[in-house]
>>> print(open('data.pdb').read())   # PDB, C-alpha atoms
ATOM      1  CA  MET A   1     122.254 138.208-105.538
ATOM      2  CA  SER A   2     121.508 138.413-109.234
ATOM      3  CA  LEU A   3     118.687 139.558-111.443
ATOM      4  CA  PRO A   4     116.519 136.586-112.429
ATOM      5  CA  HIS A   5     115.907 135.565-116.004
ATOM      6  CA  ILE A   6     112.329 135.784-117.220
ATOM      7  CA  PRO A   7     111.592 134.851-120.848
ATOM      8  CA  ASP A   8     111.354 138.016-122.891
ATOM      9  CA  PRO A   9     108.121 138.368-124.916
ATOM     10  CA  MET A  10     108.426 139.067-128.595
ATOM     11  CA  PRO A  11     108.046 142.745-129.543
ATOM     12  CA  GLY A  12     104.477 143.493-130.485
ATOM     13  CA  ASP A  13     103.071 140.521-128.576
ATOM     14  CA  ALA A  14      99.437 141.595-128.082
ATOM     15  CA  ALA A  15      99.052 139.659-124.840
ATOM     16  CA  VAL A  16     101.985 141.470-123.294
ATOM     17  CA  ALA A  17     100.821 144.834-124.602
ATOM     18  CA  ASP A  18      97.534 144.114-122.830
ATOM     19  CA  SER A  19      99.519 143.525-119.628
ATOM     20  CA  ILE A  20      99.813 147.297-119.257
ATOM     21  CA  GLU A  21      96.666 148.066-117.304
ATOM     22  CA  MET A  22      97.099 151.814-117.600
ATOM     23  CA  VAL A  23      99.576 154.620-118.153
ATOM     24  CA  ILE A  24      99.213 157.544-115.763
ATOM     25  CA  VAL A  25     100.538 160.953-116.803
ATOM     26  CA  PRO A  26     101.141 162.948-113.588
ATOM     27  CA  ARG A  27      99.492 166.272-112.936
ATOM     28  CA  ALA A  28     102.152 168.994-112.869
ATOM     29  CA  ARG A  29     102.054 171.937-110.485
ATOM     30  CA  ASP A  30     104.478 174.852-110.364
ATOM     31  CA  LEU A  31     105.358 175.866-106.813
ATOM     32  CA  GLY A  32     107.251 178.982-107.804
ATOM     33  CA  GLY A  33     110.140 177.682-109.883
ATOM     34  CA  PHE A  34     109.856 174.197-108.382
ATOM     35  CA  GLU A  35     107.638 171.765-110.278
ATOM     36  CA  VAL A  36     105.881 168.811-108.661
ATOM     37  CA  ARG A  37     104.340 165.993-110.699
ATOM     38  CA  ARG A  38     101.652 163.922-108.916
ATOM     39  CA  ALA A  39     101.050 160.405-110.240
ATOM     40  CA  LEU A  40      99.048 159.014-107.302
ATOM     41  CA  PRO A  41      96.300 159.246-106.407
ATOM     42  CA  SER A  42      94.792 159.740-109.848
ATOM     43  CA  ALA A  43      91.239 159.735-111.136
ATOM     44  CA  ARG A  44      91.863 156.308-112.629
ATOM     45  CA  LYS A  45      93.855 154.665-109.847
ATOM     46  CA  GLN A  46      93.982 155.346-106.123
ATOM     47  CA  MET A  47      96.753 152.922-105.132
ATOM     48  CA  VAL A  48      99.394 150.587-106.521
ATOM     49  CA  GLY A  49      99.799 148.042-103.748
ATOM     50  CA  PRO A  50      99.866 150.210-100.598
ATOM     51  CA  PHE A  51     101.340 153.244-102.424
ATOM     52  CA  ILE A  52      98.621 155.891-102.256
ATOM     53  CA  PHE A  53     100.589 159.069-102.995
ATOM     54  CA  PHE A  54     103.491 159.526-105.403
ATOM     55  CA  ASP A  55     105.061 162.907-106.186
ATOM     56  CA  GLN A  56     108.099 163.729-108.283
ATOM     57  CA  MET A  57     109.889 166.798-106.912
ATOM     58  CA  GLY A  58     111.882 168.686-109.547
ATOM     59  CA  PRO A  59     114.372 168.438-111.071
ATOM     60  CA  ALA A  60     114.978 172.073-110.247
ATOM     61  CA  LEU A  61     118.028 174.272-109.906
ATOM     62  CA  MET A  62     117.741 176.161-106.639
ATOM     63  CA  GLN A  63     119.469 179.528-106.495
ATOM     64  CA  ARG A  64     121.231 180.851-103.401
ATOM     65  CA  GLY A  65     118.675 181.687-100.746
ATOM     66  CA  GLN A  66     116.006 179.526-102.409
ATOM     67  CA  GLY A  67     114.975 176.281-100.772
ATOM     68  CA  ILE A  68     112.284 173.860 -99.666
ATOM     69  CA  ASP A  69     110.270 175.317 -96.805
ATOM     70  CA  VAL A  70     107.434 172.999 -95.770
ATOM     71  CA  ARG A  71     106.184 174.133 -92.357
ATOM     72  CA  PRO A  72     105.046 171.668 -89.640
ATOM     73  CA  HIS A  73     101.966 169.714 -90.704
ATOM     74  CA  PRO A  74     100.216 166.532 -89.472
ATOM     75  CA  HIS A  75      99.718 163.022 -90.858
ATOM     76  CA  ILE A  76      97.696 159.979 -89.811
ATOM     77  CA  GLY A  77      97.207 156.455 -91.192
ATOM     78  CA  LEU A  78     100.252 156.285 -93.457
ATOM     79  CA  ALA A  79     104.018 156.191 -93.754
ATOM     80  CA  THR A  80     105.849 158.927 -95.662
ATOM     81  CA  VAL A  81     108.831 157.872 -97.770
ATOM     82  CA  THR A  82     111.386 160.484 -98.858
ATOM     83  CA  TRP A  83     113.892 159.523-101.558
ATOM     84  CA  LEU A  84     116.298 161.958-103.233
ATOM     85  CA  PHE A  85     118.297 161.762-106.441
ATOM     86  CA  ASP A  86     119.870 165.213-105.916
ATOM     87  CA  GLY A  87     119.936 167.795-103.136
ATOM     88  CA  SER A  88     119.090 167.481 -99.451
ATOM     89  CA  ILE A  89     116.160 168.043 -97.090
ATOM     90  CA  TYR A  90     116.217 168.583 -93.321
ATOM     91  CA  HIS A  91     113.485 166.617 -91.530
ATOM     92  CA  ARG A  92     112.130 167.374 -88.059
ATOM     93  CA  ASP A  93     109.164 165.689 -86.378
ATOM     94  CA  SER A  94     107.138 165.632 -83.162
ATOM     95  CA  LEU A  95     109.077 162.591 -81.914
ATOM     96  CA  GLY A  96     112.143 164.825 -81.654
ATOM     97  CA  SER A  97     113.812 163.500 -84.820
ATOM     98  CA  ALA A  98     116.129 165.961 -86.566
ATOM     99  CA  GLN A  99     117.655 164.363 -89.628
ATOM    100  CA  PRO A 100     119.123 165.595 -92.915
ATOM    101  CA  ILE A 101     118.501 163.319 -95.862
ATOM    102  CA  SER A 102     120.820 163.054 -98.855
ATOM    103  CA  PRO A 103     120.667 161.054-102.105
ATOM    104  CA  GLY A 104     120.671 157.287-101.551
ATOM    105  CA  GLU A 105     119.433 157.568 -97.957
ATOM    106  CA  LEU A 106     115.941 156.646 -96.810
ATOM    107  CA  ASN A 107     113.598 158.579 -94.526
ATOM    108  CA  TRP A 108     110.634 156.385 -93.541
ATOM    109  CA  MET A 109     108.209 158.078 -91.147
ATOM    110  CA  THR A 110     105.270 156.070 -89.825
ATOM    111  CA  ALA A 111     102.464 158.448 -88.885
ATOM    112  CA  GLY A 112     100.097 155.861 -87.419
ATOM    113  CA  LYS A 113      97.744 157.566 -84.949
ATOM    114  CA  GLY A 114      99.377 160.934 -85.569
ATOM    115  CA  ILE A 115     102.660 162.737 -86.147
ATOM    116  CA  VAL A 116     103.745 166.247 -87.158
ATOM    117  CA  HIS A 117     106.824 167.044 -89.252
ATOM    118  CA  SER A 118     108.510 169.765 -91.243
ATOM    119  CA  GLU A 119     110.747 169.564 -94.312
ATOM    120  CA  ARG A 120     113.116 172.422 -94.990
ATOM    121  CA  THR A 121     116.426 173.294 -96.595
ATOM    122  CA  ALA A 122     119.160 173.563 -93.968
ATOM    123  CA  PRO A 123     120.744 177.060 -93.730
ATOM    124  CA  PRO A 124     124.205 175.943 -94.970
ATOM    125  CA  GLU A 125     122.589 174.581 -98.137
ATOM    126  CA  LEU A 126     120.873 177.914 -98.815
ATOM    127  CA  ALA A 127     124.277 179.523 -99.276
ATOM    128  CA  ARG A 128     124.953 177.723-102.554
ATOM    129  CA  GLU A 129     123.301 176.916-105.857
ATOM    130  CA  ARG A 130     122.137 173.298-105.991
ATOM    131  CA  LYS A 131     119.910 170.841-107.823
ATOM    132  CA  VAL A 132     116.902 169.247-106.092
ATOM    133  CA  PHE A 133     115.291 166.127-107.512
ATOM    134  CA  GLY A 134     113.481 163.285-105.780
ATOM    135  CA  ILE A 135     110.363 161.292-104.989
ATOM    136  CA  GLN A 136     107.969 161.752-102.075
ATOM    137  CA  SER A 137     105.539 158.885-101.577
ATOM    138  CA  TRP A 138     103.012 157.723 -99.008
ATOM    139  CA  VAL A 139     102.305 154.130 -98.077
ATOM    140  CA  ALA A 140      98.847 153.451 -96.633
ATOM    141  CA  LEU A 141      98.787 151.352 -93.453
ATOM    142  CA  PRO A 142      96.592 148.249 -93.069
ATOM    143  CA  LYS A 143      93.447 148.797 -91.002
ATOM    144  CA  ALA A 144      94.953 146.943 -88.034
ATOM    145  CA  GLN A 145      97.981 149.290 -88.073
ATOM    146  CA  GLU A 146      96.337 152.644 -88.832
ATOM    147  CA  GLU A 147      96.464 153.652 -85.163
ATOM    148  CA  THR A 148      99.938 152.286 -84.455
ATOM    149  CA  ALA A 149     102.429 154.409 -82.526
ATOM    150  CA  PRO A 150     104.272 156.919 -84.724
ATOM    151  CA  ALA A 151     107.895 156.128 -85.577
ATOM    152  CA  PHE A 152     110.786 157.468 -87.621
ATOM    153  CA  ASP A 153     113.510 155.475 -89.366
ATOM    154  CA  HIS A 154     116.519 156.819 -91.222
ATOM    155  CA  VAL A 155     118.512 154.259 -93.196
ATOM    156  CA  ALA A 156     121.983 155.137 -94.479
ATOM    157  CA  ALA A 157     122.794 154.452 -98.118
ATOM    158  CA  SER A 158     125.357 151.835 -97.072
ATOM    159  CA  ALA A 159     122.636 149.819 -95.291
ATOM    160  CA  LEU A 160     120.357 149.483 -98.326
ATOM    161  CA  PRO A 161     121.066 146.485-100.564
ATOM    162  CA  VAL A 162     122.249 147.219-104.101
ATOM    163  CA  ILE A 163     122.298 144.776-107.011
ATOM    164  CA  ASP A 164     124.770 145.702-109.789
ATOM    165  CA  GLU A 165     124.687 143.553-112.863
ATOM    166  CA  ARG A 166     124.963 143.940-116.644
ATOM    167  CA  GLY A 167     124.630 147.728-116.707
ATOM    168  CA  ILE A 168     121.808 147.786-114.177
ATOM    169  CA  SER A 169     122.037 149.088-110.599
ATOM    170  CA  ALA A 170     119.009 148.372-108.396
ATOM    171  CA  ARG A 171     118.855 149.826-104.888
ATOM    172  CA  ILE A 172     116.158 148.169-102.754
ATOM    173  CA  ILE A 173     114.515 150.952-100.741
ATOM    174  CA  ALA A 174     111.813 148.967 -98.949
ATOM    175  CA  GLY A 175     110.470 145.434 -98.932
ATOM    176  CA  SER A 176     111.989 142.596-100.960
ATOM    177  CA  LEU A 177     112.920 142.359-104.621
ATOM    178  CA  TYR A 178     115.328 140.226-106.670
ATOM    179  CA  GLY A 179     116.283 138.226-103.569
ATOM    180  CA  ALA A 180     117.324 141.297-101.548
ATOM    181  CA  THR A 181     115.500 142.846 -98.594
ATOM    182  CA  SER A 182     115.659 146.378 -97.190
ATOM    183  CA  PRO A 183     116.176 146.680 -93.414
ATOM    184  CA  VAL A 184     113.349 149.205 -92.946
ATOM    185  CA  LYS A 185     110.256 147.885 -91.152
ATOM    186  CA  THR A 186     107.063 147.930 -93.220
ATOM    187  CA  HIS A 187     103.513 147.069 -92.180
ATOM    188  CA  SER A 188     102.486 145.248 -95.366
ATOM    189  CA  ASP A 189     103.979 143.166 -98.161
ATOM    190  CA  LEU A 190     105.456 145.643-100.630
ATOM    191  CA  PHE A 191     108.453 146.453-102.796
ATOM    192  CA  TYR A 192     110.120 149.741-103.699
ATOM    193  CA  ALA A 193     113.363 150.155-105.635
ATOM    194  CA  ASP A 194     115.416 152.791-107.457
ATOM    195  CA  VAL A 195     116.866 151.293-110.641
ATOM    196  CA  GLN A 196     119.380 152.868-113.019
ATOM    197  CA  MET A 197     119.595 151.247-116.438
ATOM    198  CA  ALA A 198     122.227 151.797-119.102
ATOM    199  CA  ALA A 199     120.931 152.225-122.647
ATOM    200  CA  GLY A 200     120.196 148.853-124.239
ATOM    201  CA  THR A 201     119.838 146.899-121.003
ATOM    202  CA  ALA A 202     116.785 144.825-120.105
ATOM    203  CA  LEU A 203     115.194 144.242-116.702
ATOM    204  CA  PRO A 204     112.577 141.579-115.905
ATOM    205  CA  LEU A 205     109.868 142.677-113.495
ATOM    206  CA  PRO A 206     109.145 139.989-110.867
ATOM    207  CA  VAL A 207     105.670 138.453-110.943
ATOM    208  CA  GLU A 208     105.254 137.475-107.287
ATOM    209  CA  HIS A 209     103.525 140.722-106.264
ATOM    210  CA  GLU A 210      99.926 141.178-107.370
ATOM    211  CA  GLU A 211     100.111 144.931-108.003
ATOM    212  CA  ARG A 212     103.136 146.351-109.841
ATOM    213  CA  GLY A 213     104.029 149.774-111.139
ATOM    214  CA  VAL A 214     107.016 151.403-112.828
ATOM    215  CA  TYR A 215     107.602 155.152-112.732
ATOM    216  CA  VAL A 216     109.981 156.554-115.349
ATOM    217  CA  ALA A 217     111.956 159.269-113.552
ATOM    218  CA  GLU A 218     114.595 159.845-116.242
ATOM    219  CA  GLY A 219     115.192 158.687-119.787
ATOM    220  CA  GLU A 220     113.002 156.430-121.905
ATOM    221  CA  ILE A 221     112.053 152.767-121.623
ATOM    222  CA  GLU A 222     110.286 150.268-123.839
ATOM    223  CA  VAL A 223     107.745 147.607-122.852
ATOM    224  CA  ALA A 224     106.434 145.164-125.469
ATOM    225  CA  GLY A 225     107.449 147.464-128.300
ATOM    226  CA  GLN A 226     105.857 150.576-126.773
ATOM    227  CA  SER A 227     108.054 153.481-125.665
ATOM    228  CA  PHE A 228     107.482 155.531-122.529
ATOM    229  CA  GLU A 229     109.293 158.743-121.661
ATOM    230  CA  GLU A 230     110.052 160.222-118.266
ATOM    231  CA  GLY A 231     107.123 161.310-116.129
ATOM    232  CA  ARG A 232     104.970 158.234-116.787
ATOM    233  CA  LEU A 233     103.614 155.694-114.277
ATOM    234  CA  LEU A 234     102.959 152.297-115.862
ATOM    235  CA  VAL A 235     100.598 149.972-113.990
ATOM    236  CA  PHE A 236     100.654 146.284-114.950
ATOM    237  CA  ARG A 237      98.128 143.499-114.713
ATOM    238  CA  PRO A 238      98.892 140.737-112.165
ATOM    239  CA  GLY A 239     100.985 137.721-113.067
ATOM    240  CA  ASP A 240     102.159 138.649-116.578
ATOM    241  CA  ALA A 241     105.821 138.459-117.546
ATOM    242  CA  ILE A 242     107.113 141.975-118.188
ATOM    243  CA  THR A 243     110.560 143.109-119.329
ATOM    244  CA  LEU A 244     111.676 146.733-119.276
ATOM    245  CA  ARG A 245     114.180 147.827-121.929
ATOM    246  CA  ALA A 246     116.145 151.050-121.677
ATOM    247  CA  ARG A 247     116.047 152.992-124.943
ATOM    248  CA  SER A 248     118.423 155.520-123.359
ATOM    249  CA  ASN A 249     120.139 155.726-120.009
ATOM    250  CA  ALA A 250     117.125 155.581-117.710
ATOM    251  CA  ARG A 251     116.122 155.721-114.061
ATOM    252  CA  VAL A 252     112.942 154.001-112.947
ATOM    253  CA  MET A 253     111.186 153.441-109.641
ATOM    254  CA  LEU A 254     109.674 149.980-109.144
ATOM    255  CA  LEU A 255     106.765 149.958-106.690
ATOM    256  CA  GLY A 256     103.836 147.875-105.573
ATOM    257  CA  GLY A 257     102.847 144.967-103.382
ATOM    258  CA  GLU A 258      99.718 143.249-102.200
ATOM    259  CA  PRO A 259      96.401 145.116-102.552
ATOM    260  CA  MET A 260      95.376 147.210 -99.571
ATOM    261  CA  ASP A 261      92.563 145.828 -97.394
ATOM    262  CA  GLY A 262      89.894 148.124 -98.779
ATOM    263  CA  PRO A 263      89.739 151.682-100.178
ATOM    264  CA  ARG A 264      91.110 154.664 -98.322
ATOM    265  CA  TYR A 265      89.807 158.186 -97.795
ATOM    266  CA  ILE A 266      92.281 160.999 -98.349
ATOM    267  CA  TRP A 267      91.854 164.547 -97.137
ATOM    268  CA  TRP A 268      94.850 166.890 -97.112
ATOM    269  CA  ASN A 269      97.607 164.977 -95.265
ATOM    270  CA  PHE A 270      95.285 162.430 -93.683
ATOM    271  CA  VAL A 271      94.667 158.868 -94.901
ATOM    272  CA  SER A 272      92.209 156.496 -93.256
ATOM    273  CA  SER A 273      89.716 153.711 -93.881
ATOM    274  CA  SER A 274      87.224 155.784 -91.840
ATOM    275  CA  LYS A 275      85.672 159.129 -92.747
ATOM    276  CA  ASP A 276      84.993 159.746 -89.058
ATOM    277  CA  ARG A 277      88.688 159.314 -88.253
ATOM    278  CA  ILE A 278      89.559 161.924 -90.872
ATOM    279  CA  GLU A 279      87.064 164.353 -89.332
ATOM    280  CA  ALA A 280      88.552 163.757 -85.872
ATOM    281  CA  ALA A 281      92.064 164.431 -87.194
ATOM    282  CA  LYS A 282      90.902 167.674 -88.813
ATOM    283  CA  ASP A 283      89.459 168.825 -85.509
ATOM    284  CA  ASP A 284      92.581 167.743 -83.584
ATOM    285  CA  TRP A 285      94.790 169.865 -85.849
ATOM    286  CA  LYS A 286      92.447 172.832 -85.720
ATOM    287  CA  GLN A 287      92.328 172.660 -81.911
ATOM    288  CA  ALA A 288      96.138 172.197 -81.572
ATOM    289  CA  ARG A 289      95.872 168.725 -80.051
ATOM    290  CA  PHE A 290      98.699 167.256 -82.131
ATOM    291  CA  ALA A 291     102.215 167.240 -80.638
ATOM    292  CA  ILE A 292     104.624 170.030 -81.607
ATOM    293  CA  VAL A 293     107.901 169.692 -83.485
ATOM    294  CA  PRO A 294     110.875 170.443 -81.197
ATOM    295  CA  GLY A 295     113.102 173.028 -82.836
ATOM    296  CA  ASP A 296     110.291 174.116 -85.171
ATOM    297  CA  GLU A 297     107.591 175.133 -82.711
ATOM    298  CA  LYS A 298     106.753 178.629 -83.945
ATOM    299  CA  ASP A 299     105.310 177.829 -87.346
ATOM    300  CA  PHE A 300     102.692 175.507 -88.849
ATOM    301  CA  ILE A 301     100.423 175.021 -91.852
ATOM    302  CA  PRO A 302      96.803 175.877 -90.955
ATOM    303  CA  LEU A 303      93.982 173.455 -91.696
ATOM    304  CA  PRO A 304      92.805 174.154 -95.261
ATOM    305  CA  ASP A 305      89.370 175.702 -95.730
ATOM    306  CA  LYS A 306      88.431 172.999 -98.247
TER     307      LYS A 306
END
>>> encode(input="data.pdb", output="structure tokens")
Amino acid sequence: MSLPHIPDPMPGDAAVADSIEMVIVPRARDLGGFEVRRALPSARKQMVGPFIFFDQMGPALMQRGQGIDVRPHPHIGLATVTWLFDGSIYHRDSLGSAQPISPGELNWMTAGKGIVHSERTAPPELARERKVFGIQSWVALPKAQEETAPAFDHVAASALPVIDERGISARIIAGSLYGATSPVKTHSDLFYADVQMAAGTALPLPVEHEERGVYVAEGEIEVAGQSFEEGRLLVFRPGDAITLRARSNARVMLLGGEPMDGPRYIWWNFVSSSKDRIEAAKDDWKQARFAIVPGDEKDFIPLPDK
């Protein structure tokens, strides 16, 4: 498998510059020494393909005794995607899954009609200083799949296809890209990849998907003569030839796919095409009708007041 050649537009080409539909600067929030940057949803854009939520976690240096401690909480109508560059997280859910995730591995949890999970730092990890850095995203499910049975998939790093060529390493997390396909089951046509680019390299962005985005996680890239630093989500217009150039060593996330079949409502951890379904989920959590998380039964996040 090799990266395809797409003619590179001339720097300053106005038509290509116009291909950038928008640049989203994530909202940053400090969670007590651990910063989270939220790119999606934004006031200007709810989704890129089916991706409806996109958070950058860290980078942060965790001291001994300090860790991630997200208590059991519910989801409906989406799939959560956990991807780490550094550190580890221990996942438990109401299906009985108990799975640590490390860099290069994929946790794909389909909530469907309802699931509960927790995300914590395992006790052995708390005993040492460590760096935590990664991406947490949500993929909205098509209307026909919103009430599907919940499921959990963990994919080892060795099972995810990697394309190494000319100073570029692209790991295909989900969907298909550059002729490679991830083994994880998805419910819609999408792509998601973690790409590391050496300074001076160039990467064409495929045109077959209608909605395309690039998130700059590290370093700086250039598109049509414009430079973009880390912490920027670039959203492109459909069909235009785009080439990313690395101005420094860079790490980018490629994401997108076909447009979702209508807008989605989001409230807390719930995503649905129906406001009534969101209200029912709120009541189910408040009345303890969701399943519990084995091994993490004694704690939970209460339903927010707002």
>>> resolve_selection(input="data.pdb", expression="the PyMOL selection byres ((chain A and resi 92-108) around 6)", output="list in words")
Thr80, Val81, Thr82, Trp83, Leu84, Phe85, Asp86, Ser88, Ile89, Tyr90, His91, Met109, Val116, His117, Ser118, Asp153, His154, Val155, Ala156, Ala157, Ala291, Ile292, Val293 and Pro294 of chain A
>>> atom_distance(input="data.pdb", atom1="CA of Thr121 (chain A)", atom2="CA of Gln63 (chain A)")
12.1 Å
>>> residues_around(input="data.pdb", residues="Gly200 (chain A)", least_positions_apart="5", cutoff="7 Å", atoms="all atoms listed in the file", output="list in words")
Arg245, Ala246, Arg247 and Ser248 of chain A
>>> resolve_selection(input="data.pdb", expression="the PyMOL selection byres ((chain A and resi 218-234) around 6)", output="compact mmCIF listing (two decimals) with C-alpha atoms, in the coordinates of the input")
# COMPACT_ATOMS: atom_id res chain seq x y z
CA PRO A 11 108.05 142.74 -129.54
CA GLY A 12 104.48 143.49 -130.49
CA ALA A 17 100.82 144.83 -124.60
CA VAL A 23 99.58 154.62 -118.15
CA ILE A 24 99.21 157.54 -115.76
CA VAL A 25 100.54 160.95 -116.80
CA GLY A 213 104.03 149.77 -111.14
CA VAL A 214 107.02 151.40 -112.83
CA TYR A 215 107.60 155.15 -112.73
CA VAL A 216 109.98 156.55 -115.35
CA ALA A 217 111.96 159.27 -113.55
CA VAL A 235 100.60 149.97 -113.99
CA LEU A 244 111.68 146.73 -119.28
CA ARG A 245 114.18 147.83 -121.93
CA ALA A 246 116.14 151.05 -121.68
CA ARG A 247 116.05 152.99 -124.94
CA SER A 248 118.42 155.52 -123.36
CA ASN A 249 120.14 155.73 -120.01
CA ALA A 250 117.12 155.58 -117.71
CA ARG A 251 116.12 155.72 -114.06
>>> resolve_selection(input="data.pdb", expression="the PyMOL selection byres ((chain A and resi 143) around 12)", output="list in words")
Pro50, Gly77, Leu78, Gly112, Lys113, Ala140, Leu141, Pro142, Ala144, Gln145, Glu146, Glu147, Thr148, His187, Ser188, Met260, Asp261, Gly262, Pro263, Arg264, Val271, Ser272, Ser273, Ser274 and Arg277 of chain A
>>> residues_around(input="data.pdb", residues="Leu126 (chain A)", least_positions_apart="3", cutoff="9 Å", atoms="only C-alpha atoms", output="list in words")
Met62, Gln63, Arg64, Gly65, Gln66, Gly67, Thr121, Ala122, Pro123, Glu129 and Arg130 of chain A
>>> residues_around(input="data.pdb", residues="Arg71 (chain A)", least_positions_apart="4", cutoff="9 Å", atoms="only C-alpha atoms", output="list in words")
His117, Ser118, Glu119, Arg120, Asp296, Asp299, Phe300 and Ile301 of chain A
>>> closest_residue(input="data.pdb", among="A:Pro41, A:Gly295, A:Gly257, A:Gly239", to="Ser137 (chain A)", atoms="all atoms listed in the file")
A:Pro41
>>> atom_distance(input="data.pdb", atom1="CA of His209 (chain A)", atom2="CA of Gln56 (chain A)")
23.5 Å
>>> axis_aligned_box(input="data.pdb", around="region 69-73 of chain A", padding_each_side="6 Å", output="lines of an AutoDock Vina configuration file")
center_x = 106.1
center_y = 172.5
center_z = -93.2
size_x = 20.3
size_y = 17.6
size_z = 19.2
>>> closest_residue(input="data.pdb", among="A:Met253, A:Asn269, A:Arg289, A:Pro150", to="Pro304 (chain A)", atoms="only C-alpha atoms")
A:Asn269
>>> closest_residue(input="data.pdb", among="A:Ala127, A:Ala79, A:Ile20, A:Ile173", to="Phe152 (chain A)", atoms="all atoms listed in the file")
A:Ala79
>>> closest_residue(input="data.pdb", among="A:Leu177, A:Ile242, A:Ala60, A:Gly114", to="Asp284 (chain A)", atoms="only C-alpha atoms")
A:Gly114
>>> atom_distance(input="data.pdb", atom1="CA of Asp305 (chain A)", atom2="CA of Ile135 (chain A)")
27.1 Å
>>> closest_residue(input="data.pdb", among="A:Val252, A:Ala149, A:Leu61, A:Ala111", to="Asp194 (chain A)", atoms="all atoms listed in the file")
A:Val252
>>> closest_residue(input="data.pdb", among="A:Ala241, A:Ile52, A:Asp18, A:Gly167", to="Ala199 (chain A)", atoms="all atoms listed in the file")
A:Gly167
>>> residues_around(input="data.pdb", residues="Phe53 (chain A)", least_positions_apart="6", cutoff="8 Å", atoms="all atoms listed in the file", output="MDAnalysis selection string")
chainID A and resid 38:41 47 136:139
